[in-house]
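One structure is given below, encoded as structure tokens.
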Amino acid sequence: MAIGHDGRMLFAGETVLVAGRQFTVNERDLRHVAAMREHLVDVAWAGEKSTYAELVEAAQLPYPARGLGRLLALLSEDCGRRGEPSLACLVVTKESNEVGSGYGTGALEERQRLYAYWRLS
């Protein structure tokens, strides 16, 4: 199984380096990233954000809301391979309504690029 398009797909068994962390992609990762992407594209179209808990519920993930770092990193890699801004910038904490500390910097700017990208798509 693979996700992505135009020959830039994530593949099961592939090792990727994202933000200085190395991950080996498995079939379960691919299914979960695809489900996350589906939900977050809808969120982007609406110009909204999604909490971690909302993402877990909408994508039917078998992980706690605080355990999504690996999948969000893989989602960012998938978006990058598609030539898209990262959908991960839409995922925020319930308490602060902003991205978690694992995201890094530039979420607001990335979010604006993402909203513009999906409005024009």
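So you can find residues: chains in the structure tokens are A, B, ... in the order shown, residues in each start at 1, and ligands are numbered from 1 in order.
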Enumerate the residues of segment 48-121 of chain A with a DSSP assignment of alpha helix (DSSP H), computed from the backbone, and present them as JSON, numbers by chain. {"A": [52, 53, 54, 55, 56, 57, 58, 69, 70, 71, 72, 73, 74, 75, 76, 77, 78, 79, 80, 81, 107, 108, 109, 110, 111, 112, 113, 114, 115, 116, 117, 118, 119, 120]}
The selected residues should be written to file as a short mmCIF file (atom, residue, chain, number, x, y, z; two decimals), in the first residue's frame (atoms: N, CA and C atoms).
data_model
loop_
_atom_site.label_atom_id
_atom_site.label_comp_id
_atom_site.auth_asym_id
_atom_site.auth_seq_id
_atom_site.Cartn_x
_atom_site.Cartn_y
_atom_site.Cartn_z
N TYR A 52 -6.63 17.81 18.76
CA TYR A 52 -6.10 16.45 18.69
C TYR A 52 -7.21 15.44 18.94
N ALA A 53 -8.05 15.70 19.93
CA ALA A 53 -9.13 14.78 20.27
C ALA A 53 -10.13 14.66 19.12
N GLU A 54 -10.46 15.77 18.47
CA GLU A 54 -11.37 15.73 17.33
C GLU A 54 -10.77 14.91 16.19
N LEU A 55 -9.48 15.06 15.97
CA LEU A 55 -8.80 14.29 14.93
C LEU A 55 -8.83 12.80 15.23
N VAL A 56 -8.54 12.44 16.47
CA VAL A 56 -8.58 11.02 16.87
C VAL A 56 -9.96 10.45 16.61
N GLU A 57 -11.00 11.19 16.98
CA GLU A 57 -12.36 10.69 16.79
C GLU A 57 -12.73 10.63 15.30
N ALA A 58 -12.49 11.69 14.57
CA ALA A 58 -12.90 11.75 13.16
C ALA A 58 -12.18 10.71 12.31
N GLY A 69 2.28 12.35 17.49
CA GLY A 69 3.47 12.96 16.90
C GLY A 69 4.01 12.24 15.67
N ARG A 70 4.14 10.94 15.76
CA ARG A 70 4.65 10.14 14.64
C ARG A 70 3.76 10.27 13.41
N LEU A 71 2.44 10.12 13.61
CA LEU A 71 1.52 10.20 12.48
C LEU A 71 1.47 11.60 11.89
N LEU A 72 1.53 12.62 12.72
CA LEU A 72 1.54 13.99 12.20
C LEU A 72 2.82 14.28 11.42
N ALA A 73 3.93 13.72 11.87
CA ALA A 73 5.19 13.87 11.12
C ALA A 73 5.08 13.19 9.76
N LEU A 74 4.50 12.00 9.72
CA LEU A 74 4.32 11.30 8.45
C LEU A 74 3.32 12.03 7.56
N LEU A 75 2.28 12.60 8.15
CA LEU A 75 1.32 13.39 7.39
C LEU A 75 2.02 14.60 6.76
N SER A 76 2.87 15.25 7.51
CA SER A 76 3.62 16.40 6.97
C SER A 76 4.50 15.97 5.80
N GLU A 77 5.14 14.83 5.93
CA GLU A 77 5.96 14.29 4.84
C GLU A 77 5.10 14.02 3.61
N ASP A 78 3.94 13.42 3.82
CA ASP A 78 3.03 13.14 2.71
C ASP A 78 2.61 14.44 2.02
N CYS A 79 2.24 15.44 2.80
CA CYS A 79 1.84 16.73 2.21
C CYS A 79 2.99 17.34 1.42
N GLY A 80 4.19 17.29 1.97
CA GLY A 80 5.36 17.83 1.28
C GLY A 80 5.60 17.15 -0.05
N ARG A 81 5.44 15.84 -0.08
CA ARG A 81 5.63 15.10 -1.33
C ARG A 81 4.56 15.46 -2.37
N ALA A 107 3.53 27.89 12.50
CA ALA A 107 2.23 27.27 12.26
C ALA A 107 1.22 28.26 11.69
N LEU A 108 1.22 29.48 12.19
CA LEU A 108 0.25 30.47 11.71
C LEU A 108 0.45 30.76 10.23
N GLU A 109 1.70 30.96 9.83
CA GLU A 109 2.00 31.22 8.43
C GLU A 109 1.67 30.02 7.55
N GLU A 110 2.00 28.83 8.03
CA GLU A 110 1.70 27.61 7.28
C GLU A 110 0.18 27.43 7.15
N ARG A 111 -0.54 27.74 8.22
CA ARG A 111 -2.00 27.62 8.20
C ARG A 111 -2.60 28.57 7.15
N GLN A 112 -2.09 29.78 7.06
CA GLN A 112 -2.59 30.73 6.06
C GLN A 112 -2.30 30.23 4.65
N ARG A 113 -1.10 29.68 4.42
CA ARG A 113 -0.78 29.09 3.11
C ARG A 113 -1.71 27.91 2.80
N LEU A 114 -1.98 27.12 3.82
CA LEU A 114 -2.83 25.95 3.65
C LEU A 114 -4.26 26.36 3.29
N TYR A 115 -4.83 27.32 4.02
CA TYR A 115 -6.18 27.78 3.70
C TYR A 115 -6.24 28.32 2.29
N ALA A 116 -5.25 29.11 1.88
CA ALA A 116 -5.23 29.66 0.52
C ALA A 116 -5.09 28.54 -0.51
N TYR A 117 -4.27 27.56 -0.23
CA TYR A 117 -4.06 26.45 -1.15
C TYR A 117 -5.37 25.71 -1.40
N TRP A 118 -6.09 25.38 -0.32
CA TRP A 118 -7.32 24.60 -0.49
C TRP A 118 -8.46 25.44 -1.06
N ARG A 119 -8.47 26.75 -0.82
CA ARG A 119 -9.49 27.61 -1.43
C ARG A 119 -9.30 27.66 -2.94
N LEU A 120 -8.04 27.59 -3.39
CA LEU A 120 -7.75 27.68 -4.81
C LEU A 120 -7.81 26.33 -5.52
#
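The gap separating atom CA of Pro62 of chain A from atom CA of Ser86 of chain A is 22.2 Å, in Å to one decimal.
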Give me, as number ranges by chain, all polymer residues having an atom no more than 9 Å from Val92 of chain A, counting only C-alpha atoms and skipping those fewer than 5 positions away in the same chain. A: 49-52, 97-100
Put those residues in a file: C-alpha atoms, as a PDB file, in the first residue's frame.
ATOM      1  CA  LYS A  49      -8.722  23.959  13.038  1.00  0.00           C
ATOM      2  CA  SER A  50      -9.098  20.540  14.653  1.00  0.00           C
ATOM      3  CA  THR A  51      -8.143  19.579  18.185  1.00  0.00           C
ATOM      4  CA  TYR A  52      -6.096  16.454  18.685  1.00  0.00           C
ATOM      5  CA  ASN A  97      -6.133  26.483  20.397  1.00  0.00           C
ATOM      6  CA  GLU A  98      -2.618  26.361  18.923  1.00  0.00           C
ATOM      7  CA  VAL A  99      -0.304  23.595  17.703  1.00  0.00           C
ATOM      8  CA  GLY A 100       1.475  21.440  20.230  1.00  0.00           C
TER       9      GLY A 100
END
